[in-house]
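Novice: If it helps, the file is called final06.txt and holds compact mmCIF, C-alpha atoms:
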# COMPACT_ATOMS: atom_id res chain seq x y z
CA MET A 61 -83.92 -49.64 103.14
CA ILE A 62 -80.81 -51.64 102.12
CA SER A 63 -81.01 -55.29 103.18
CA ALA A 64 -77.45 -56.29 102.23
CA ILE A 65 -74.28 -55.07 100.53
CA PHE A 66 -71.96 -57.28 98.48
CA PHE A 67 -68.50 -56.59 97.06
CA MET A 68 -67.91 -58.91 94.10
CA ASN A 69 -65.04 -59.25 91.64
CA GLN A 70 -65.25 -59.71 87.86
CA LYS A 71 -65.72 -63.47 88.25
CA GLY A 72 -68.72 -63.03 90.54
CA GLU A 73 -66.88 -64.12 93.69
CA VAL A 74 -68.07 -62.45 96.89
CA LEU A 75 -65.17 -60.63 98.53
CA ILE A 76 -67.12 -58.93 101.33
CA SER A 77 -70.76 -59.23 102.32
CA ARG A 78 -72.72 -57.44 105.01
CA ILE A 79 -76.34 -58.47 105.65
CA TYR A 80 -78.39 -55.94 107.59
CA ARG A 81 -81.87 -57.52 107.46
CA ASP A 82 -83.27 -61.03 107.73
CA ASP A 83 -85.23 -60.91 104.46
CA ILE A 84 -82.06 -61.52 102.42
CA SER A 85 -79.67 -64.48 102.44
CA ARG A 86 -76.14 -64.68 101.09
CA GLY A 87 -77.40 -66.92 98.28
CA VAL A 88 -78.88 -63.97 96.36
CA ALA A 89 -75.31 -63.20 95.24
CA ASN A 90 -75.50 -66.22 92.92
CA ALA A 91 -78.56 -64.78 91.18
CA PHE A 92 -76.71 -61.49 90.61
CA ARG A 93 -73.66 -63.35 89.28
CA LEU A 94 -75.73 -65.32 86.77
CA GLU A 95 -78.14 -62.57 85.67
CA VAL A 96 -75.80 -59.56 85.60
CA ILE A 97 -72.10 -60.45 85.66
CA GLY A 98 -72.59 -63.52 83.46
CA SER A 99 -74.84 -61.72 81.00
CA LYS A 100 -73.37 -60.09 77.89
CA ASP A 101 -76.37 -57.86 77.25
CA GLN A 102 -76.11 -54.13 77.82
CA ARG A 103 -77.55 -53.60 81.28
CA SER A 104 -78.78 -50.81 83.51
CA PRO A 105 -77.45 -50.25 87.07
CA ILE A 106 -80.72 -51.66 88.47
CA LYS A 107 -81.74 -55.30 88.08
CA ASN A 108 -84.97 -56.79 89.41
CA ILE A 109 -84.95 -60.55 89.93
CA GLY A 110 -88.27 -61.72 91.30
CA SER A 111 -89.10 -59.58 94.32
CA THR A 112 -85.46 -58.62 94.91
CA SER A 113 -83.87 -55.42 93.58
CA PHE A 114 -80.14 -55.18 92.89
CA LEU A 115 -78.65 -51.68 92.62
CA TYR A 116 -74.95 -51.64 91.79
CA ILE A 117 -71.98 -49.63 90.59
CA HIS A 118 -68.78 -50.89 88.97
CA CYS A 119 -65.48 -49.37 90.05
CA GLY A 120 -61.91 -50.66 89.89
CA GLY A 121 -63.03 -54.09 88.74
CA ILE A 122 -65.34 -54.42 91.77
CA TYR A 123 -69.13 -54.62 91.77
CA VAL A 124 -70.58 -52.81 94.81
CA VAL A 125 -74.10 -54.21 95.07
CA ALA A 126 -76.94 -53.05 97.31
CA VAL A 127 -79.80 -55.52 97.69
CA SER A 128 -83.32 -54.69 98.85
CA ARG A 129 -86.83 -56.12 98.80
CA GLN A 130 -88.50 -52.78 99.47
CA ASN A 131 -89.41 -49.86 97.25
CA VAL A 132 -86.24 -47.90 98.05
CA ASP A 133 -85.18 -44.46 96.85
CA ALA A 134 -82.76 -45.39 94.05
CA CYS A 135 -80.99 -42.01 94.04
CA MET A 136 -80.25 -42.29 97.75
CA VAL A 137 -78.94 -45.84 97.39
CA PHE A 138 -76.56 -44.83 94.58
CA GLU A 139 -75.39 -41.84 96.64
CA ILE A 140 -74.60 -44.23 99.51
CA LEU A 141 -72.71 -46.60 97.20
CA HIS A 142 -70.59 -43.79 95.77
CA ARG A 143 -69.91 -42.49 99.30
CA ILE A 144 -68.76 -45.97 100.32
CA VAL A 145 -66.31 -46.08 97.41
CA ASP A 146 -65.00 -42.58 98.19
CA ILE A 147 -64.48 -43.43 101.88
CA PHE A 148 -62.71 -46.68 101.04
CA LYS A 149 -60.40 -44.83 98.65
CA SER A 150 -59.52 -42.32 101.36
CA TYR A 151 -58.59 -45.20 103.71
CA PHE A 152 -56.84 -47.31 101.05
CA ASP A 153 -54.50 -44.54 99.77
CA GLY A 154 -56.63 -43.86 96.70
CA ALA A 155 -56.88 -47.52 95.62
CA PHE A 156 -60.12 -49.43 95.27
CA ASP A 157 -59.60 -52.90 93.84
CA GLU A 158 -59.64 -56.54 94.87
CA ASP A 159 -56.18 -56.43 96.47
CA ALA A 160 -57.03 -53.34 98.53
CA ILE A 161 -60.17 -54.96 99.92
CA ARG A 162 -58.42 -58.25 100.74
CA ASN A 163 -55.54 -56.42 102.44
CA HIS A 164 -57.94 -54.35 104.59
CA PHE A 165 -60.47 -57.04 105.41
CA VAL A 166 -61.13 -56.07 109.05
CA LEU A 167 -61.11 -52.34 108.33
CA THR A 168 -63.69 -52.80 105.58
CA TYR A 169 -66.16 -54.47 107.96
CA GLU A 170 -65.60 -51.77 110.58
CA LEU A 171 -66.33 -49.03 108.07
CA LEU A 172 -69.48 -50.76 106.82
CA ASP A 173 -70.77 -51.15 110.39
CA GLU A 174 -70.24 -47.44 111.09
CA MET A 175 -71.65 -46.19 107.77
CA LEU A 176 -74.86 -48.24 107.79
CA ASP A 177 -77.12 -49.34 110.64
CA PHE A 178 -79.96 -51.76 109.87
CA GLY A 179 -79.64 -50.71 106.22
CA TYR A 180 -79.96 -46.97 106.87
CA ALA A 181 -77.14 -44.47 106.27
CA GLN A 182 -75.64 -43.57 109.62
CA ASN A 183 -72.31 -41.78 109.16
CA CYS A 184 -70.83 -41.26 105.70
CA SER A 185 -68.43 -38.42 106.51
CA THR A 186 -64.75 -39.25 106.02
CA ASP A 187 -63.59 -36.58 108.47
CA VAL A 188 -65.80 -37.91 111.27
CA LEU A 189 -64.95 -41.57 110.61
CA LYS A 190 -61.22 -40.85 110.77
CA LEU A 191 -61.64 -39.48 114.30
CA TYR A 192 -62.18 -42.94 115.71
CA ILE A 193 -61.24 -45.36 112.91
CA THR A 194 -57.59 -44.82 112.08
CA GLN A 195 -56.20 -45.92 108.76
CA GLY A 196 -54.85 -49.42 108.83
CA GLN A 197 -55.33 -49.81 112.60
CA GLY A 198 -59.08 -50.18 113.00
CA LYS A 199 -60.66 -48.60 116.05
CA LEU A 200 -58.56 -46.98 118.70
CA ARG A 201 -58.77 -48.80 122.01
CA PRO A 202 -60.84 -46.75 124.50
CA GLU A 203 -58.41 -47.51 127.33
CA LYS A 204 -55.62 -45.86 125.37
CA MET A 205 -57.59 -42.71 124.69
CA LYS A 206 -57.99 -39.77 126.97
CA GLN A 207 -61.52 -39.53 128.31
CA GLU A 208 -61.78 -35.92 127.11
CA LYS A 209 -61.01 -36.89 123.51
CA LEU A 210 -63.41 -39.81 123.72
CA ASN A 211 -66.20 -37.50 124.86
CA LYS A 212 -65.56 -35.12 121.94
CA ILE A 213 -65.83 -37.96 119.46
CA ILE A 214 -69.09 -39.17 121.00
CA VAL A 215 -70.59 -35.67 120.86
CA GLN A 216 -69.54 -35.18 117.24
CA VAL A 217 -70.87 -38.54 116.05
CA THR A 218 -74.16 -38.50 117.95
CA GLY A 219 -74.81 -34.74 118.15
CA ALA A 220 -76.81 -32.46 115.86
CA THR A 221 -73.65 -31.04 114.24
CA SER A 222 -71.47 -34.00 113.45
CA TRP A 223 -69.42 -31.88 111.03
CA ARG A 224 -68.05 -29.53 113.73
CA THR A 225 -66.64 -29.71 117.27
CA PRO A 226 -67.20 -26.84 119.73
CA ASP A 227 -63.53 -26.51 120.79
CA ILE A 228 -62.23 -24.98 117.51
CA LYS A 229 -60.13 -21.86 118.00
CA HIS A 230 -58.50 -19.46 115.51
CA ARG A 231 -56.38 -16.38 116.12
CA ARG A 232 -58.12 -14.56 113.26
CA ASN A 233 -61.75 -15.25 112.52
CA GLU A 234 -62.16 -15.15 108.76
CA ILE A 235 -64.68 -16.41 106.24
CA TYR A 236 -64.23 -16.55 102.46
CA ILE A 237 -67.00 -16.91 99.88
CA ASP A 238 -66.31 -17.90 96.27
CA VAL A 239 -69.22 -17.81 93.81
CA VAL A 240 -68.13 -19.76 90.71
CA GLU A 241 -70.52 -19.81 87.75
CA SER A 242 -70.24 -21.91 84.59
CA VAL A 243 -72.07 -20.53 81.55
CA ASN A 244 -73.43 -22.99 78.99
CA LEU A 245 -74.48 -21.60 75.61
CA LEU A 246 -75.56 -22.88 72.23
CA MET A 247 -76.14 -20.13 69.67
CA SER A 248 -77.20 -20.40 66.05
CA ALA A 249 -75.20 -18.92 63.18
CA GLU A 250 -77.80 -16.14 62.92
CA GLY A 251 -77.15 -15.06 66.52
CA ASN A 252 -80.25 -16.64 68.13
CA VAL A 253 -79.78 -18.24 71.54
CA LEU A 254 -80.90 -21.88 71.27
CA ARG A 255 -79.97 -22.91 74.80
CA SER A 256 -78.38 -21.11 77.73
CA ASP A 257 -78.09 -21.79 81.43
CA VAL A 258 -75.80 -21.14 84.38
CA SER A 259 -74.61 -23.83 86.80
CA ALA A 260 -72.90 -22.45 89.88
CA VAL A 261 -71.22 -23.44 93.12
CA VAL A 262 -70.87 -21.33 96.27
CA GLN A 263 -67.65 -22.41 97.98
CA MET A 264 -66.86 -21.30 101.53
CA LYS A 265 -63.68 -21.39 103.56
CA CYS A 266 -64.29 -20.81 107.27
CA PHE A 267 -61.79 -20.14 110.00
CA LEU A 268 -64.18 -19.33 112.85
CA SER A 269 -63.86 -20.11 116.55
CA GLY A 270 -66.49 -21.84 118.66
CA MET A 271 -69.92 -22.77 117.28
CA PRO A 272 -70.97 -19.78 115.15
CA GLU A 273 -74.32 -19.57 113.39
CA CYS A 274 -74.17 -17.93 109.98
CA LYS A 275 -76.97 -16.37 107.95
CA PHE A 276 -76.41 -16.05 104.22
CA GLY A 277 -78.48 -13.70 102.06
CA MET A 278 -78.73 -13.67 98.27
CA ASN A 279 -80.84 -11.78 95.73
CA ASP A 280 -83.39 -14.57 95.36
CA LYS A 281 -86.54 -13.38 93.58
CA VAL A 282 -88.93 -15.21 95.92
CA LEU A 283 -87.34 -13.68 99.02
CA MET A 284 -87.06 -10.17 97.56
CA ASP A 285 -90.69 -10.24 96.42
CA LYS A 286 -91.70 -11.01 100.01
CA GLU A 287 -89.59 -8.12 101.27
CA SER A 288 -90.98 -5.72 98.68
CA SER A 289 -94.55 -6.56 99.69
CA SER A 290 -93.78 -5.78 103.34
CA ARG A 291 -91.70 -2.64 102.69
CA GLN A 292 -92.57 0.08 100.20
CA GLY A 293 -89.00 1.16 99.60
CA ALA A 294 -87.87 -2.25 98.39
CA VAL A 295 -89.94 -2.24 95.17
CA ARG A 296 -87.03 -0.93 93.12
CA ARG A 297 -84.89 -3.94 94.07
CA LYS A 298 -87.01 -6.30 91.98
CA SER A 299 -84.92 -5.70 88.89
CA ASN A 300 -81.81 -7.12 90.65
CA ALA A 301 -83.50 -10.34 91.77
CA ILE A 302 -82.82 -13.65 90.00
CA GLU A 303 -84.99 -16.72 89.55
CA ILE A 304 -83.25 -19.89 90.72
CA ASP A 305 -84.51 -23.08 89.07
CA ASP A 306 -82.63 -25.72 91.09
CA ILE A 307 -80.75 -25.47 94.36
CA THR A 308 -78.98 -27.99 96.61
CA PHE A 309 -77.38 -27.39 100.00
CA HIS A 310 -74.66 -28.77 102.23
CA GLN A 311 -75.95 -30.87 105.13
CA CYS A 312 -75.17 -28.04 107.59
CA VAL A 313 -77.95 -25.80 106.16
CA LYS A 314 -81.21 -25.80 108.11
CA LEU A 315 -83.72 -26.73 105.43
CA GLY A 316 -86.74 -26.00 107.62
CA LYS A 317 -85.87 -22.31 107.82
CA PHE A 318 -85.21 -22.14 104.10
CA ASP A 319 -88.60 -23.68 103.31
CA THR A 320 -90.47 -21.24 105.57
CA ASP A 321 -88.72 -17.90 104.99
CA ARG A 322 -85.98 -18.62 102.38
CA THR A 323 -83.27 -17.92 104.97
CA ILE A 324 -80.01 -19.85 104.56
CA SER A 325 -78.96 -20.48 108.16
CA PHE A 326 -76.14 -22.87 109.07
CA ILE A 327 -73.34 -23.79 111.46
CA PRO A 328 -70.36 -24.13 109.09
CA PRO A 329 -67.75 -26.90 109.12
CA ASP A 330 -64.21 -25.76 109.81
CA GLY A 331 -62.16 -25.27 106.65
CA GLU A 332 -63.29 -25.48 103.04
CA PHE A 333 -66.68 -26.84 101.99
CA GLU A 334 -69.37 -26.44 99.33
CA LEU A 335 -72.29 -24.49 100.79
CA MET A 336 -74.70 -24.75 97.86
CA LYS A 337 -75.19 -25.36 94.15
CA TYR A 338 -77.73 -23.59 92.01
CA ARG A 339 -78.89 -23.45 88.40
CA THR A 340 -80.74 -20.72 86.54
CA THR A 341 -82.01 -20.36 82.96
CA GLU A 342 -83.65 -16.92 82.99
CA ASN A 343 -82.18 -13.49 82.17
CA ILE A 344 -78.62 -14.67 81.63
CA ASN A 345 -76.04 -11.98 80.82
CA LEU A 346 -73.75 -13.61 78.27
CA PRO A 347 -70.19 -12.36 78.93
CA PHE A 348 -69.10 -12.76 75.28
CA LYS A 349 -70.90 -12.64 71.97
CA ILE A 350 -69.41 -14.28 68.88
CA LEU A 351 -70.39 -13.09 65.39
CA PRO A 352 -69.08 -15.61 62.83
CA ILE A 353 -69.00 -15.18 59.05
CA VAL A 354 -67.72 -18.27 57.25
CA LYS A 355 -67.86 -18.52 53.47
CA GLU A 356 -66.91 -21.51 51.34
CA ILE A 357 -65.55 -20.26 48.03
CA GLY A 358 -65.65 -23.17 45.65
CA ARG A 359 -63.87 -26.31 46.77
CA SER A 360 -60.45 -24.77 47.30
CA ARG A 361 -60.90 -21.92 49.77
CA VAL A 362 -62.74 -20.88 52.94
CA GLU A 363 -62.86 -17.32 54.27
CA CYS A 364 -63.56 -16.62 57.95
CA ALA A 365 -64.31 -13.40 59.81
CA ILE A 366 -64.88 -13.97 63.54
CA THR A 367 -65.81 -11.04 65.77
CA VAL A 368 -65.85 -11.46 69.54
CA LYS A 369 -67.40 -8.78 71.74
CA SER A 370 -67.31 -8.57 75.54
CA ASN A 371 -70.63 -7.63 77.15
CA PHE A 372 -69.45 -6.74 80.66
CA ASN A 373 -68.30 -3.50 82.26
CA SER A 374 -65.20 -1.79 80.87
CA LYS A 375 -63.61 -1.86 84.34
CA MET A 376 -63.62 -5.68 84.26
CA PHE A 377 -61.60 -8.01 82.06
CA GLY A 378 -61.60 -11.61 80.92
CA THR A 379 -58.57 -13.89 81.27
CA GLY A 380 -57.46 -17.08 79.59
CA VAL A 381 -59.69 -16.51 76.56
CA VAL A 382 -59.34 -19.29 73.98
CA ILE A 383 -61.50 -19.42 70.82
CA ARG A 384 -61.34 -22.57 68.69
CA ILE A 385 -62.48 -22.04 65.08
CA PRO A 386 -62.93 -25.27 63.12
CA THR A 387 -61.58 -25.71 59.59
CA PRO A 388 -62.08 -28.50 57.02
CA LYS A 389 -59.96 -31.62 57.45
CA ASN A 390 -58.23 -31.08 54.10
CA THR A 391 -56.83 -27.68 55.11
CA ALA A 392 -53.44 -26.95 53.53
CA VAL A 393 -52.51 -23.38 54.50
CA CYS A 394 -54.06 -20.73 56.77
CA HIS A 395 -53.39 -17.00 56.41
CA ILE A 396 -54.49 -15.44 59.73
CA MET A 397 -54.76 -11.84 60.88
CA CYS A 398 -56.16 -10.81 64.28
CA THR A 399 -56.51 -7.48 66.07
CA ALA A 400 -55.50 -8.87 69.48
CA GLY A 401 -53.83 -11.94 70.95
CA LYS A 402 -52.21 -14.73 68.98
CA ALA A 403 -53.81 -17.17 66.54
CA LYS A 404 -52.37 -20.31 65.02
CA TYR A 405 -53.63 -23.15 62.88
CA MET A 406 -53.45 -26.47 64.78
CA PRO A 407 -53.65 -29.47 62.41
CA ASP A 408 -54.16 -31.95 65.28
CA GLN A 409 -57.28 -30.03 66.36
CA ASP A 410 -58.56 -29.37 62.80
CA GLY A 411 -58.94 -25.68 63.50
CA ILE A 412 -57.53 -22.29 64.39
CA VAL A 413 -56.80 -21.61 68.07
CA TRP A 414 -57.05 -17.93 68.98
CA ARG A 415 -55.68 -17.01 72.42
CA ILE A 416 -56.21 -13.66 74.15
CA ARG A 417 -54.50 -13.34 77.50
CA ARG A 418 -56.49 -10.30 78.71
CA PHE A 419 -59.84 -9.26 77.20
CA PRO A 420 -61.14 -5.87 78.50
CA GLY A 421 -64.85 -5.25 78.96
CA ASP A 422 -66.96 -3.49 76.32
CA THR A 423 -64.34 -4.32 73.67
CA GLU A 424 -64.51 -5.95 70.26
CA TYR A 425 -61.78 -7.99 68.56
CA THR A 426 -61.81 -9.55 65.08
CA LEU A 427 -59.96 -12.43 63.44
CA ARG A 428 -59.80 -12.87 59.69
CA ALA A 429 -58.51 -16.01 58.06
CA GLU A 430 -58.15 -17.32 54.54
CA VAL A 431 -58.00 -21.11 54.44
CA GLU A 432 -56.62 -22.89 51.36
CA LEU A 433 -57.79 -26.47 50.90
CA MET A 434 -56.01 -29.43 49.37
CA ALA A 435 -57.57 -31.04 46.34
CA THR A 436 -59.00 -34.44 47.21
CA VAL A 437 -59.90 -37.29 44.91
CA SER A 438 -62.84 -39.29 46.16
CA LEU A 439 -65.82 -40.97 44.62
CA GLU A 440 -68.16 -39.32 47.09
CA LYS A 441 -68.20 -35.58 47.63
CA LYS A 442 -68.20 -35.09 51.39
CA VAL A 443 -69.72 -31.85 52.61
CA TRP A 444 -67.92 -30.07 55.47
CA SER A 445 -70.00 -30.62 58.60
CA ARG A 446 -69.20 -27.13 60.01
CA PRO A 447 -68.61 -27.93 63.70
CA PRO A 448 -69.39 -25.08 66.12
CA ILE A 449 -66.94 -22.50 67.41
CA THR A 450 -66.10 -23.15 71.07
CA MET A 451 -64.79 -20.72 73.65
CA GLU A 452 -63.02 -20.83 77.00
CA PHE A 453 -62.71 -17.88 79.37
CA GLN A 454 -62.75 -16.62 82.94
CA VAL A 455 -64.20 -13.29 84.06
CA PRO A 456 -63.44 -12.32 87.70
CA MET A 457 -65.96 -10.29 89.72
CA PHE A 458 -68.77 -10.94 87.21
CA THR A 459 -71.81 -13.22 87.44
CA ALA A 460 -73.76 -14.16 84.32
CA SER A 461 -76.90 -14.93 86.34
CA GLY A 462 -76.79 -11.65 88.27
CA PHE A 463 -76.30 -13.51 91.57
CA HIS A 464 -74.77 -11.52 94.42
CA VAL A 465 -74.32 -11.95 98.14
CA ARG A 466 -76.53 -9.45 99.96
CA PHE A 467 -75.25 -10.17 103.46
CA LEU A 468 -73.45 -12.68 105.63
CA LYS A 469 -74.04 -12.51 109.36
CA VAL A 470 -71.97 -14.44 111.89
CA VAL A 471 -73.41 -14.83 115.39
CA GLU A 472 -71.33 -16.40 118.17
CA LYS A 473 -71.68 -16.13 121.96
CA SER A 474 -68.24 -14.46 122.37
CA ASN A 475 -69.22 -11.70 119.85
CA TYR A 476 -65.87 -11.62 118.05
CA ASP A 477 -65.28 -9.58 114.89
CA THR A 478 -65.25 -11.52 111.64
CA ILE A 479 -63.32 -10.64 108.49
CA LYS A 480 -65.42 -11.48 105.42
CA TRP A 481 -64.29 -11.83 101.81
CA VAL A 482 -66.50 -12.35 98.75
CA ARG A 483 -65.20 -13.21 95.28
CA TYR A 484 -67.10 -13.88 92.03
CA LEU A 485 -65.90 -15.78 88.99
CA THR A 486 -67.67 -16.65 85.74
CA LYS A 487 -66.13 -19.24 83.43
CA ALA A 488 -67.13 -21.07 80.28
CA GLY A 489 -68.92 -24.37 80.50
CA ASN A 490 -70.04 -25.66 77.10
CA TYR A 491 -69.92 -22.33 75.23
CA SER A 492 -70.41 -22.87 71.49
CA VAL A 493 -71.70 -20.99 68.46
CA ARG A 494 -72.73 -22.65 65.21
CA ILE A 495 -71.28 -21.43 61.92
Hey, can you dump this file as structure tokens for me?

Specialist:
Amino acid sequence: MISAIFFMNQKGEVLISRIYRDDISRGVANAFRLEVIGSKDQRSPIKNIGSTSFLYIHCGGIYVVAVSRQNVDACMVFEILHRIVDIFKSYFDGAFDEDAIRNHFVLTYELLDEMLDFGYAQNCSTDVLKLYITQGQGKLRPEKMKQEKLNKIIVQVTGATSWRTPDIKHRRNEIYIDVVESVNLLMSAEGNVLRSDVSAVVQMKCFLSGMPECKFGMNDKVLMDKESSSRQGAVRRKSNAIEIDDITFHQCVKLGKFDTDRTISFIPPDGEFELMKYRTTENINLPFKILPIVKEIGRSRVECAITVKSNFNSKMFGTGVVIRIPTPKNTAVCHIMCTAGKAKYMPDQDGIVWRIRRFPGDTEYTLRAEVELMATVSLEKKVWSRPPITMEFQVPMFTASGFHVRFLKVVEKSNYDTIKWVRYLTKAGNYSVRI
């Protein structure tokens, strides 16, 4: 894995170095200084010099360099480097620069020793590290700690669930689930969808006592197809299933169970965390459809008619809807009329900004604008590039992918009752329509 880690400044001076394996010496830092820092060529974050690979990131004027002579997983190494920077920032009050590293010299070495062991990632969780490495004080002295607290730390660091201790207690056992989807769309002026996808995050906030095991169910097509083949009555559920292209989980999820039977089983951390991310590109229900009509009349006028229609249930509504309609740079005056909300020409944005505070479902609103252009004298006639219309919005209790939580089971040895809350939210990612 990683043979050594160097922290170097802009001049190529080594501030901190930690060598984990014998196949690397401290002298390789000079090769990195000459070939990377001293080079003016545009460079990638990976540099191979002979049989040695340098993988590095640049943050706050500091080069964080991982060195290896093996065929390492580059993605994992960069994840470790970014985790190191994030942990240092949490210990250094948000700062990560040369002064912060020099002022916390001993603490930096302690953190590196705990995060990596023989070049392998050992413990990269800020919450766990702060249990026994206090900010600015290094490790707590064992003789000053109660033996009970020391045992808890040992169990959490070395146990199977380092993200949770078994002595957590809450007066009310509650669990909150937030499914937040971002819709990305690129549509042609004729109304054809050129590109669309949904990127989503399932956020959880847990206030559960003890060591509960949770089982999370979703309308995954693979899982529901298995259920429909084993039960005759489940065939009609196929239409509600979604195809998930990519999915990533929090470390608490048991991946072995998911691979075998698509069950998301986990022991949750206490508090707020990100359970999973997913992405889908099939059968996306677009919350809004934009129908633009833009006509250039000669060189002095542009007429616009923009119709926006909501495609969700009439009992739902969109909030914070903002439509940005571009206009030519030589716009002089805009005469605007809209059936809902407020619209105004913004010269600094080269366009009309149409804001609708509340957009009901199954509703259609129209904006009409007459744009007068200033006469320009130029040798070259520049054609208006017609940038796309962009849109921002939020639609509560609606999912563009069709994702929904089928069940959430909480099993704990004390058999307490759990209050469960589920909330959905769809918002705009890169939502644009060409004109």

Novice: Give me the residues within 8 Å of Ile396 (chain A) as an NGL selection string, counting all atoms listed in the file and dropping any in the same chain fewer than 6 places off.

Specialist: :A and (403-404 or 427-430)

Novice: Using CA of Val253 (chain A) and CA of Thr450 (chain A) as the two end points, give the distance in Å to one decimal.

Specialist: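 Computing the Euclidean distance for CA of Val253 (chain A) and CA of Thr450 (chain A) yields 14.5 Å.
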
Novice: When you count all atoms listed in the file, which of these residues is closest to Asn244 (chain A): A:Ile385, A:Leu335, A:Ala488, A:Ile161?

Specialist: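 The closest residue to Asn244 (chain A) is A:Ala488.
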
Novice: Counting all atoms listed in the file, which of A:Arg339, A:Arg384, A:His395, A:Lys275 gets nearest to Phe318 (chain A)?

Specialist: A:Lys275

Novice: Using the file's own x, y and z axes, what box holds all listed atoms of region 428-433 of chain A with 8 Å on each side, keeping edges along x, y and z, and what are its centre and edge lengths in Å to one decimal, as AutoDock Vina command-line options?

Specialist:
--center_x -58.2 --center_y -19.7 --center_z 55.3 --size_x 19.2 --size_y 29.6 --size_z 24.8

Novice: Can you take the partial region 173-178 of chain A, add all heavy atoms, and return it as a PDB file, in the frame of the given file?

Specialist:
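Below is the file that was written, result-v6.pdb:
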ATOM      1  N   ASP A 173     -69.936 -51.179 109.179  1.00  0.00           N
ATOM      2  CA  ASP A 173     -70.770 -51.150 110.390  1.00  0.00           C
ATOM      3  C   ASP A 173     -71.025 -49.722 110.855  1.00  0.00           C
ATOM      4  O   ASP A 173     -72.086 -49.431 111.422  1.00  0.00           O
ATOM      5  CB  ASP A 173     -70.091 -51.944 111.512  1.00  0.00           C
ATOM      6  CG  ASP A 173     -70.147 -53.441 111.263  1.00  0.00           C
ATOM      7  OD1 ASP A 173     -71.004 -53.858 110.459  1.00  0.00           O
ATOM      8  OD2 ASP A 173     -69.338 -54.182 111.842  1.00  0.00           O
ATOM      9  N   GLU A 174     -70.059 -48.823 110.653  1.00  0.00           N
ATOM     10  CA  GLU A 174     -70.240 -47.440 111.090  1.00  0.00           C
ATOM     11  C   GLU A 174     -71.066 -46.630 110.078  1.00  0.00           C
ATOM     12  O   GLU A 174     -71.804 -45.731 110.470  1.00  0.00           O
ATOM     13  CB  GLU A 174     -68.874 -46.772 111.278  1.00  0.00           C
ATOM     14  CG  GLU A 174     -68.060 -47.340 112.409  1.00  0.00           C
ATOM     15  CD  GLU A 174     -68.711 -47.143 113.762  1.00  0.00           C
ATOM     16  OE1 GLU A 174     -69.558 -46.235 113.894  1.00  0.00           O
ATOM     17  OE2 GLU A 174     -68.391 -47.898 114.691  1.00  0.00           O
ATOM     18  N   MET A 175     -70.951 -46.970 108.802  1.00  0.00           N
ATOM     19  CA  MET A 175     -71.650 -46.190 107.770  1.00  0.00           C
ATOM     20  C   MET A 175     -73.126 -46.541 107.684  1.00  0.00           C
ATOM     21  O   MET A 175     -73.956 -45.680 107.385  1.00  0.00           O
ATOM     22  CB  MET A 175     -70.978 -46.406 106.403  1.00  0.00           C
ATOM     23  CG  MET A 175     -69.661 -45.671 106.253  1.00  0.00           C
ATOM     24  SD  MET A 175     -68.991 -45.791 104.591  1.00  0.00           S
ATOM     25  CE  MET A 175     -68.323 -47.429 104.611  1.00  0.00           C
ATOM     26  N   LEU A 176     -73.474 -47.803 107.926  1.00  0.00           N
ATOM     27  CA  LEU A 176     -74.860 -48.240 107.790  1.00  0.00           C
ATOM     28  C   LEU A 176     -75.305 -48.953 109.059  1.00  0.00           C
ATOM     29  O   LEU A 176     -74.546 -49.737 109.644  1.00  0.00           O
ATOM     30  CB  LEU A 176     -75.016 -49.180 106.590  1.00  0.00           C
ATOM     31  CG  LEU A 176     -74.794 -48.570 105.204  1.00  0.00           C
ATOM     32  CD1 LEU A 176     -74.673 -49.660 104.163  1.00  0.00           C
ATOM     33  CD2 LEU A 176     -75.928 -47.639 104.851  1.00  0.00           C
ATOM     34  N   ASP A 177     -76.537 -48.682 109.472  1.00  0.00           N
ATOM     35  CA  ASP A 177     -77.120 -49.340 110.640  1.00  0.00           C
ATOM     36  C   ASP A 177     -78.513 -49.823 110.256  1.00  0.00           C
ATOM     37  O   ASP A 177     -79.395 -49.018 109.927  1.00  0.00           O
ATOM     38  CB  ASP A 177     -77.184 -48.369 111.818  1.00  0.00           C
ATOM     39  CG  ASP A 177     -77.686 -49.036 113.077  1.00  0.00           C
ATOM     40  OD1 ASP A 177     -77.667 -50.282 113.135  1.00  0.00           O
ATOM     41  OD2 ASP A 177     -78.110 -48.319 114.003  1.00  0.00           O
ATOM     42  N   PHE A 178     -78.706 -51.137 110.264  1.00  0.00           N
ATOM     43  CA  PHE A 178     -79.960 -51.760 109.870  1.00  0.00           C
ATOM     44  C   PHE A 178     -80.373 -51.331 108.447  1.00  0.00           C
ATOM     45  O   PHE A 178     -81.555 -51.190 108.124  1.00  0.00           O
ATOM     46  CB  PHE A 178     -81.067 -51.442 110.872  1.00  0.00           C
ATOM     47  CG  PHE A 178     -82.244 -52.384 110.788  1.00  0.00           C
ATOM     48  CD1 PHE A 178     -82.092 -53.751 110.994  1.00  0.00           C
ATOM     49  CD2 PHE A 178     -83.505 -51.909 110.492  1.00  0.00           C
ATOM     50  CE1 PHE A 178     -83.155 -54.611 110.913  1.00  0.00           C
ATOM     51  CE2 PHE A 178     -84.589 -52.773 110.399  1.00  0.00           C
ATOM     52  CZ  PHE A 178     -84.412 -54.125 110.623  1.00  0.00           C
TER      53      PHE A 178
END
